[in-house]
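A.B. asks: The file below is start16.cif, mmCIF, C-alpha atoms:
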data_protein
#
loop_
_atom_site.label_atom_id
_atom_site.label_comp_id
_atom_site.auth_asym_id
_atom_site.auth_seq_id
_atom_site.Cartn_x
_atom_site.Cartn_y
_atom_site.Cartn_z
CA MET A 1 -2.90 23.41 -7.93
CA THR A 2 -3.37 21.37 -11.10
CA THR A 3 -2.48 17.73 -11.43
CA LEU A 4 0.21 16.45 -13.73
CA ASP A 5 -0.93 15.72 -17.27
CA PRO A 6 -0.65 11.93 -17.72
CA SER A 7 0.47 12.42 -21.31
CA ASP A 8 3.56 14.19 -19.96
CA ILE A 9 4.39 11.39 -17.51
CA LYS A 10 6.62 8.49 -18.46
CA VAL A 11 4.85 5.16 -17.98
CA LEU A 12 6.66 1.84 -18.27
CA LYS A 13 4.74 -1.41 -18.41
CA ARG A 14 6.27 -4.75 -17.53
CA GLU A 15 4.63 -8.14 -17.61
CA LEU A 16 4.94 -10.01 -14.33
CA HIS A 17 5.66 -13.66 -13.75
CA ILE A 18 2.33 -15.23 -12.75
CA PRO A 19 2.67 -18.41 -10.73
CA THR A 20 -0.45 -20.23 -9.61
CA LEU A 21 -2.06 -19.23 -6.36
CA ASP A 22 -1.39 -22.75 -5.09
CA GLU A 23 2.32 -22.35 -5.79
CA VAL A 24 2.49 -19.05 -3.92
CA LYS A 25 0.49 -20.58 -1.08
CA ASN A 26 3.24 -23.14 -0.60
CA VAL A 27 5.94 -20.45 -0.73
CA PHE A 28 4.19 -18.42 1.96
CA ILE A 29 3.16 -21.10 4.41
CA THR A 30 6.67 -22.27 5.25
CA ALA A 31 7.86 -18.74 5.96
CA LEU A 32 4.78 -17.81 7.97
CA LYS A 33 5.05 -20.88 10.18
CA GLU A 34 8.63 -19.88 10.99
CA ASN A 35 7.51 -16.42 12.12
CA PHE A 36 4.09 -17.07 13.69
CA ALA A 37 2.84 -19.66 16.17
CA GLU A 38 -0.25 -20.20 14.01
CA ALA A 39 -0.46 -19.76 10.25
CA GLU A 40 -2.75 -20.89 7.44
CA VAL A 41 -2.74 -20.08 3.72
CA GLU A 42 -5.61 -21.14 1.48
CA VAL A 43 -6.89 -20.49 -2.03
CA VAL A 44 -10.50 -19.39 -1.56
CA ASP A 45 -13.32 -17.48 -3.20
CA CYS A 46 -12.90 -13.88 -2.18
CA PRO A 47 -15.44 -12.82 0.43
CA ASP A 48 -17.43 -9.62 -0.01
CA LEU A 49 -14.83 -7.06 1.04
CA THR A 50 -17.39 -4.25 1.14
CA GLU A 51 -18.73 -5.80 4.34
CA GLU A 52 -17.26 -5.38 7.81
CA PRO A 53 -14.57 -5.59 8.94
CA PHE A 54 -12.80 -4.68 5.66
CA THR A 55 -15.30 -2.09 4.33
CA LEU A 56 -13.54 -1.70 0.99
CA ALA A 57 -15.09 0.04 -1.99
CA SER A 58 -15.32 -3.18 -4.03
CA GLN A 59 -16.43 -6.74 -3.37
CA GLY A 60 -13.52 -8.61 -4.88
CA LEU A 61 -9.88 -8.51 -6.03
CA GLY A 62 -10.37 -10.00 -9.49
CA GLY A 63 -10.24 -8.95 -13.14
CA ARG A 64 -7.33 -7.29 -15.01
CA LEU A 65 -4.85 -7.45 -12.16
CA ASN A 66 -2.15 -4.81 -12.02
CA ILE A 67 0.50 -3.47 -9.67
CA VAL A 68 1.01 0.29 -10.04
CA GLU A 69 3.93 2.23 -8.58
CA VAL A 70 3.92 6.00 -8.96
CA GLY A 71 6.78 8.38 -8.13
CA GLY A 72 8.84 7.62 -5.08
CA PRO A 73 10.62 8.97 -1.99
CA PRO A 74 13.04 11.12 -4.07
CA TYR A 75 10.09 13.45 -4.73
CA LEU A 76 9.72 13.90 -0.98
CA LEU A 77 13.37 13.89 0.06
CA PRO A 78 15.54 15.74 0.78
CA LYS A 79 13.05 18.56 -0.06
CA VAL A 80 9.51 18.09 -1.32
CA ASN A 81 8.57 18.49 -4.99
CA LYS A 82 5.05 19.91 -4.69
CA THR A 83 4.45 19.69 -8.43
CA LYS A 84 4.08 15.91 -8.12
CA VAL A 85 0.30 15.71 -7.76
CA TYR A 86 -1.43 12.90 -9.66
CA ASP A 87 -5.02 11.84 -10.32
CA ILE A 88 -5.87 8.17 -10.71
CA GLN A 89 -8.78 8.84 -13.09
CA PRO A 90 -6.77 10.28 -16.01
CA LEU A 91 -4.03 7.74 -15.29
CA LEU A 92 -6.55 4.96 -15.91
CA LYS A 93 -7.17 6.41 -19.36
CA GLN A 94 -3.42 6.50 -19.94
CA PHE A 95 -3.31 2.81 -19.04
CA LYS A 96 -6.24 2.20 -21.46
CA TYR A 97 -7.88 0.41 -18.59
CA GLY A 98 -11.55 0.69 -19.44
CA ASP A 99 -14.57 1.96 -17.54
CA ARG A 100 -14.34 -0.16 -14.39
CA ALA A 101 -11.50 -0.18 -11.89
CA PHE A 102 -10.95 -0.76 -8.20
CA ILE A 103 -7.81 0.88 -6.85
CA ALA A 104 -6.46 0.25 -3.35
CA GLY A 105 -3.10 0.98 -1.83
CA ALA A 106 -0.66 3.19 0.04
CA GLY A 107 0.71 6.58 -0.88
CA ALA A 108 0.96 10.23 0.06
CA GLY A 109 -2.30 12.15 0.26
CA PRO A 110 -3.17 15.03 -2.09
CA TRP A 111 -1.57 17.91 -0.18
CA PRO A 112 -3.76 20.59 -1.86
CA TYR A 113 -6.86 18.91 -0.39
CA LEU A 114 -5.82 19.41 3.26
CA ASN A 115 -3.20 22.03 2.49
CA CYS A 116 -0.71 19.77 4.23
CA ASN A 117 1.09 16.47 3.86
CA SER A 118 -0.68 13.21 4.75
CA GLU A 119 -0.70 9.43 4.44
CA LEU A 120 -3.08 8.00 1.83
CA MET A 121 -5.09 4.79 2.07
CA MET A 122 -6.61 4.65 -1.41
CA ASN A 123 -9.84 2.66 -1.57
CA VAL A 124 -11.91 3.70 -4.56
CA MET A 125 -14.19 1.99 -7.08
CA ILE A 126 -14.69 3.72 -10.41
CA ASP A 127 -17.47 2.29 -12.58
CA CYS A 128 -18.02 4.42 -15.67
CA ALA A 129 -18.72 7.88 -14.25
CA LYS A 130 -19.81 6.57 -10.86
CA ILE A 131 -17.28 6.79 -8.04
CA LYS A 132 -17.49 4.97 -4.72
CA ASN A 133 -14.79 6.53 -2.61
CA GLY A 134 -13.68 5.11 0.73
CA THR A 135 -10.19 6.62 0.58
CA ARG A 136 -8.75 7.87 3.86
CA VAL A 137 -5.98 10.31 4.69
CA ALA A 138 -4.09 10.50 7.96
CA SER A 139 -2.39 13.72 9.01
CA VAL A 140 -0.77 15.12 12.13
CA ASN A 141 -2.59 17.68 14.25
CA LYS A 142 -0.19 20.62 14.54
CA LYS A 143 -1.40 21.54 18.03
CA ASP A 144 -1.09 18.27 19.92
CA GLN A 145 0.72 16.00 17.39
CA THR A 146 -2.11 13.45 17.40
CA CYS A 147 -3.20 11.48 14.33
CA VAL A 148 -6.21 12.85 12.45
CA LEU A 149 -7.99 10.43 10.11
CA GLY A 150 -10.34 11.73 7.44
CA THR A 151 -12.19 10.46 4.36
CA LEU A 152 -11.84 12.01 0.91
CA LYS A 153 -14.97 13.34 -0.75
CA GLY A 154 -16.51 11.38 -3.59
CA ASN A 155 -14.81 12.93 -6.61
CA GLU A 156 -11.39 13.47 -4.97
CA THR A 157 -9.09 10.86 -6.48
CA ARG A 158 -5.78 12.72 -6.37
CA PHE A 159 -2.62 11.76 -4.53
CA ALA A 160 0.91 13.14 -4.36
CA LEU A 161 4.58 12.22 -4.60
CA LEU A 162 4.38 8.42 -4.39
CA ALA A 163 1.98 5.50 -4.32
CA ASN A 164 1.90 1.71 -4.46
CA LEU A 165 -1.48 0.62 -5.74
CA PHE A 166 -3.28 -2.60 -6.60
CA MET A 167 -5.62 -2.11 -9.55
CA CYS A 168 -8.25 -4.57 -10.75
CA GLU A 169 -11.88 -4.68 -11.82
CA GLY A 170 -13.04 -5.50 -8.32
CA ILE A 171 -14.91 -8.64 -9.31
CA PRO A 172 -15.20 -11.82 -7.23
CA GLY A 173 -12.78 -14.67 -7.82
CA LYS A 174 -10.09 -16.83 -6.30
CA VAL A 175 -7.63 -15.20 -3.90
CA LEU A 176 -5.05 -16.13 -1.31
CA LYS A 177 -6.40 -16.09 2.21
CA VAL A 178 -3.58 -15.66 4.73
CA TYR A 179 -4.08 -16.06 8.46
CA ALA A 180 -1.40 -15.63 11.12
CA LYS A 181 -1.49 -15.36 14.90
CA LYS A 182 1.06 -14.75 17.66
CA ARG A 183 4.32 -13.55 16.13
CA ILE A 184 7.34 -15.54 17.34
CA GLY A 185 9.89 -14.13 14.88
CA LYS A 186 11.25 -10.67 14.12
CA LYS A 187 9.65 -10.09 10.72
CA ASP A 188 6.39 -8.24 10.23
CA PHE A 189 3.45 -9.88 8.46
CA ILE A 190 4.20 -8.52 4.98
CA SER A 191 7.99 -8.84 5.21
CA THR A 192 7.57 -12.52 6.01
CA MET A 193 5.80 -13.09 2.69
CA GLN A 194 7.84 -10.59 0.65
CA GLU A 195 11.15 -12.12 1.66
CA ALA A 196 9.81 -15.59 0.89
CA LEU A 197 8.90 -14.35 -2.60
CA ALA A 198 12.34 -12.84 -3.08
CA GLU A 199 14.08 -16.06 -2.09
CA HIS A 200 11.90 -18.33 -4.21
CA TYR A 201 11.60 -16.19 -7.38
CA GLN A 202 15.13 -14.87 -7.60
CA ASP A 203 15.15 -14.30 -11.36
CA LYS A 204 11.46 -13.51 -11.81
CA LEU A 205 9.36 -10.50 -10.84
CA VAL A 206 6.23 -11.45 -8.91
CA GLY A 207 3.81 -8.95 -7.40
CA LEU A 208 0.78 -9.13 -5.14
CA GLY A 209 -1.73 -6.65 -3.82
CA GLY A 210 -4.74 -6.62 -1.59
CA THR A 211 -5.73 -6.06 1.98
CA PHE A 212 -5.12 -7.39 5.44
CA LEU A 213 -6.78 -6.89 8.79
CA ILE A 214 -5.05 -6.63 12.13
CA LYS A 215 -7.84 -8.29 14.10
CA GLU A 216 -6.21 -8.16 17.52
CA GLY A 217 -3.27 -6.35 19.06
CA LYS A 218 -1.50 -3.10 18.31
CA ALA A 219 0.86 -1.91 15.59
CA ARG A 220 3.65 0.61 15.16
CA GLN A 221 2.70 3.03 12.40
CA HIS A 222 3.92 6.39 11.27
CA VAL A 223 2.18 9.45 9.88
CA MET A 224 4.07 12.04 7.89
CA PRO A 225 3.67 15.52 9.38
CA ASN A 226 3.58 18.59 7.18
CA PHE A 227 6.52 19.04 4.85
CA SER A 228 9.82 19.75 6.53
CA ASP A 229 11.31 23.21 6.11
CA LYS A 230 14.75 21.69 6.41
CA PRO A 231 16.21 19.12 3.99
CA LEU A 232 16.05 15.51 5.19
CA ASN A 233 19.42 14.06 4.28
CA SER A 234 19.78 11.00 6.51
CA VAL A 235 17.86 8.14 8.05
CA LYS A 236 18.12 9.83 11.44
CA GLU A 237 16.70 13.09 10.10
CA LEU A 238 13.87 11.23 8.40
CA ASP A 239 12.96 9.24 11.53
CA ASN A 240 13.04 12.38 13.64
CA TRP A 241 10.66 14.06 11.20
CA LEU A 242 8.12 11.23 11.05
CA GLN A 243 5.53 10.89 13.81
CA PHE A 244 5.30 7.34 15.17
CA TYR A 245 2.30 5.95 17.01
CA GLU A 246 1.09 2.71 18.55
CA MET A 247 -2.32 2.08 16.99
CA SER A 248 -4.99 -0.38 18.05
CA ALA A 249 -6.87 -3.10 16.19
CA PRO A 250 -8.98 -3.44 14.22
CA LEU A 251 -6.88 -1.88 11.45
CA VAL A 252 -7.53 -2.45 7.72
CA ALA A 253 -4.41 -2.21 5.54
CA VAL A 254 -4.15 -1.86 1.76
CA GLY A 255 -1.08 -2.02 -0.46
CA THR A 256 1.29 -4.10 -2.56
CA PHE A 257 4.48 -6.13 -2.33
CA VAL A 258 6.85 -7.45 -5.00
CA SER A 259 9.69 -9.94 -5.11
CA ALA A 260 12.46 -7.47 -6.07
CA GLU A 261 13.31 -3.81 -6.64
CA THR A 262 14.66 -4.44 -10.19
CA ASP A 263 15.90 -1.65 -12.46
CA LEU A 264 12.52 0.06 -11.97
CA ASP A 265 13.50 0.90 -8.38
CA LEU A 266 10.36 -0.69 -6.98
CA ARG A 267 9.32 -0.40 -3.39
CA VAL A 268 9.24 -4.03 -2.31
CA GLN A 269 6.43 -3.52 0.22
CA HIS A 270 4.12 -0.66 1.15
CA PHE A 271 0.92 -0.89 3.19
CA HIS A 272 -1.13 1.77 4.94
CA SER A 273 -3.98 1.05 7.31
CA PHE A 274 -7.16 2.83 8.34
CA SER A 275 -9.71 2.19 11.06
CA HIS A 276 -13.18 3.20 12.17
CA HIS A 277 -11.89 4.59 15.46
CA GLY A 278 -9.80 7.47 14.13
CA GLU A 279 -6.38 5.87 13.68
CA GLY A 280 -4.42 5.14 10.53
CA GLY A 281 -0.96 5.33 9.00
CA HIS A 282 1.99 3.54 7.45
CA TYR A 283 2.27 -0.02 8.78
CA HIS A 284 5.63 -1.12 10.20
CA ILE A 285 5.08 -4.05 12.56
CA ASP A 286 2.84 -5.21 15.37
CA THR A 287 3.92 -4.20 18.87
CA THR A 288 2.02 -6.92 20.73
CA PRO A 289 3.42 -10.13 19.21
CA ASP A 290 1.73 -12.41 21.75
CA ASP A 291 -1.70 -11.00 20.97
CA VAL A 292 -1.53 -10.08 17.29
CA GLU A 293 -3.83 -11.74 14.78
CA TYR A 294 -3.80 -11.10 11.03
CA LEU A 295 -6.23 -11.97 8.25
CA GLY A 296 -5.39 -11.03 4.66
CA TYR A 297 -6.70 -11.47 1.13
CA PHE A 298 -4.29 -11.03 -1.79
CA ASN A 299 -4.13 -11.59 -5.52
CA LEU A 300 -1.32 -11.82 -8.05
CA GLY A 301 -0.60 -8.99 -10.44
CA GLU A 302 -0.40 -9.76 -14.14
CA SER A 303 1.27 -6.52 -15.22
CA LEU A 304 3.17 -3.74 -13.52
CA TYR A 305 2.97 -0.05 -14.39
CA ARG A 306 5.93 2.11 -13.28
CA VAL A 307 4.75 5.70 -13.45
CA ASP A 308 6.99 8.78 -13.29
CA GLN A 309 10.01 6.91 -11.96
CA PRO A 310 12.37 9.38 -10.25
CA PRO A 311 15.69 9.87 -12.07
CA ASN A 312 17.64 9.61 -8.82
CA THR A 313 17.06 7.11 -6.06
CA LEU A 314 17.42 7.48 -2.32
CA GLN A 315 18.01 4.32 -0.34
CA PHE A 316 16.46 5.54 2.87
CA GLY A 317 12.75 6.04 3.44
CA LYS A 318 11.63 3.16 1.21
CA ASP A 319 10.49 0.64 3.82
#
Please rewrite the model in this file as structure tokens.
C.D. replies:
Amino acid sequence: MTTLDPSDIKVLKRELHIPTLDEVKNVFITALKENFAEAEVEVVDCPDLTEEPFTLASQGLGGRLNIVEVGGPPYLLPKVNKTKVYDIQPLLKQFKYGDRAFIAGAGAGPWPYLNCNSELMMNVMIDCAKIKNGTRVASVNKKDQTCVLGTLKGNETRFALLANLFMCEGIPGKVLKVYAKKRIGKKDFISTMQEALAEHYQDKLVGLGGTFLIKEGKARQHVMPNFSDKPLNSVKELDNWLQFYEMSAPLVAVGTFVSAETDLDLRVQHFHSFSHHGEGGHYHIDTTPDDVEYLGYFNLGESLYRVDQPPNTLQFGKD
């Protein structure tokens, strides 16, 4: 199975509104304090994210900051389009990005790699020809329906169908540090911040990407099983197809969120998490609100690339 030629893929670039980190800090803190018993937001120097507990492929979240959205659920639903296989390396050349890039985020795994569908937690540093690959994929064991978490080999940088990625040079710099503990509201960690963005920047498109850690507690996450033989035409059919699990901390999530869908049909939030104890998947919400503890580091995108936008949209399956 060959990947799509980037020169044949439509790429739209849009400049994002870039508020200061201090401004976004103030937008977030009010919302977080309404939803969590404890919350702090600070502008800090990014810690070394290659170290535990984050174990990312790059130290920082700085330098040439971009939000990248590729494909979308219409390529998966109602029946899968298996031709939609992408490779981030040639896409970087299409973006004229340069020789150094750190890419982290959520998507669908490269189905030809496992010969089945999977969740992708992209976490790769590309520096000239050298690749540091910490990307994980989570799939469903056909025999017992358990989650199987694996790591992609060094030169495997493909993904399929859809992805929401944060792309930067991976250098140290200032970031937003977000801490929250004990959820007292109904919104998940990311929705709390995303909805605050949407309310504050109603006529401007703002995007962030990065990583967060579920330090304590458990979370509801799904893993896509292998492609459905039957069309998925409703929310009920989609939910019945997905495999849902309660997964335990520590979980490291990567992804992006934006203030609005816009005419580009953007996914307003999308994070997948991985662990070092064999669990990983698409983050929905914590299931132990009294015990949950979050720690996140995020940066603001400067530009947004919309890659291979589907011609038709489906309103279900985007959360």
A.B. asks: If the PyMOL selection byres ((chain A and resi 61-66) around 8) is run on the structure shown, which residues does it catch, given as a tab-separated table (two decimals) with C-alpha atoms, keeping the file's coordinate frame?
C.D. replies:
chain	number	residue	atom	x	y	z
A	46	CYS	CA	-12.90	-13.88	-2.18
A	58	SER	CA	-15.32	-3.18	-4.03
A	59	GLN	CA	-16.43	-6.74	-3.37
A	60	GLY	CA	-13.52	-8.61	-4.88
A	67	ILE	CA	0.50	-3.47	-9.67
A	68	VAL	CA	1.01	0.29	-10.04
A	166	PHE	CA	-3.28	-2.60	-6.60
A	167	MET	CA	-5.62	-2.11	-9.55
A	168	CYS	CA	-8.25	-4.57	-10.75
A	169	GLU	CA	-11.88	-4.68	-11.82
A	170	GLY	CA	-13.04	-5.50	-8.32
A	171	ILE	CA	-14.91	-8.64	-9.31
A	172	PRO	CA	-15.20	-11.82	-7.23
A	173	GLY	CA	-12.78	-14.67	-7.82
A	174	LYS	CA	-10.09	-16.83	-6.30
A	175	VAL	CA	-7.63	-15.20	-3.90
A	210	GLY	CA	-4.74	-6.62	-1.59
A	298	PHE	CA	-4.29	-11.03	-1.79
A	299	ASN	CA	-4.13	-11.59	-5.52
A	300	LEU	CA	-1.32	-11.82	-8.05
A	301	GLY	CA	-0.60	-8.99	-10.44
A	302	GLU	CA	-0.40	-9.76	-14.14
A	303	SER	CA	1.27	-6.52	-15.22
A	304	LEU	CA	3.17	-3.74	-13.52
A	305	TYR	CA	2.97	-0.05	-14.39
A.B. asks: Expressed in Å to a single decimal, how great is the separation between CA of Arg136 in chain A and CA of Gly150 in chain A?
C.D. replies: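 Answer for the CA of Arg136 in chain A to CA of Gly150 in chain A separation: 5.5 Å.
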A.B. asks: Please determine, counting only C-alpha atoms, which residue among A:Phe271, A:Tyr86, A:Tyr283, A:Tyr97 has the shortest atom-to-atom distance to Trp111 in chain A.
C.D. replies: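 Counting only C-alpha atoms, the residue closest to Trp111 in chain A is A:Tyr86.
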A.B. asks: How many Å separate CA of Arg100 in chain A from CA of Ile126 in chain A?
C.D. replies: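 Value for the CA of Arg100 in chain A-CA of Ile126 in chain A distance: 5.6 Å.
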A.B. asks: Determine the residue membership of the PyMOL selection byres ((chain A and resi 239) around 12) for the file above and supply it as a ChimeraX atom specification.
C.D. replies: /A:222-225,232-238,240-244,316-317,319
A.B. asks: Restricting the output to C-alpha atoms, write the selected residues as a PDB file, in the coordinates of the input.
C.D. replies:
ATOM      1  CA  HIS A 222       3.920   6.390  11.270  1.00  0.00           C
ATOM      2  CA  VAL A 223       2.180   9.450   9.880  1.00  0.00           C
ATOM      3  CA  MET A 224       4.070  12.040   7.890  1.00  0.00           C
ATOM      4  CA  PRO A 225       3.670  15.520   9.380  1.00  0.00           C
ATOM      5  CA  LEU A 232      16.050  15.510   5.190  1.00  0.00           C
ATOM      6  CA  ASN A 233      19.420  14.060   4.280  1.00  0.00           C
ATOM      7  CA  SER A 234      19.780  11.000   6.510  1.00  0.00           C
ATOM      8  CA  VAL A 235      17.860   8.140   8.050  1.00  0.00           C
ATOM      9  CA  LYS A 236      18.120   9.830  11.440  1.00  0.00           C
ATOM     10  CA  GLU A 237      16.700  13.090  10.100  1.00  0.00           C
ATOM     11  CA  LEU A 238      13.870  11.230   8.400  1.00  0.00           C
ATOM     12  CA  ASN A 240      13.040  12.380  13.640  1.00  0.00           C
ATOM     13  CA  TRP A 241      10.660  14.060  11.200  1.00  0.00           C
ATOM     14  CA  LEU A 242       8.120  11.230  11.050  1.00  0.00           C
ATOM     15  CA  GLN A 243       5.530  10.890  13.810  1.00  0.00           C
ATOM     16  CA  PHE A 244       5.300   7.340  15.170  1.00  0.00           C
ATOM     17  CA  PHE A 316      16.460   5.540   2.870  1.00  0.00           C
ATOM     18  CA  GLY A 317      12.750   6.040   3.440  1.00  0.00           C
ATOM     19  CA  ASP A 319      10.490   0.640   3.820  1.00  0.00           C
TER      20      ASP A 319
END
A.B. asks: Quick one: distance from CA of Gln94 in chain A to CA of Pro6 in chain A in Å, one decimal?
C.D. replies: 6.5 Å
A.B. asks: For the provided coordinates, the residues matched by the PyMOL selection byres ((chain A and resi 135) around 8) should be stated as a PyMOL selection string.
C.D. replies: chain A and resi 120-124+133-134+136-137+151-152
A.B. asks: Select, from A:Ser139, A:Thr3, A:Ser259, A:Asn35, the residue with the minimum atom-to-atom distance to Tyr201 in chain A, counting only C-alpha atoms.
C.D. replies: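 So, comparing all the options, the nearest one is A:Ser259.
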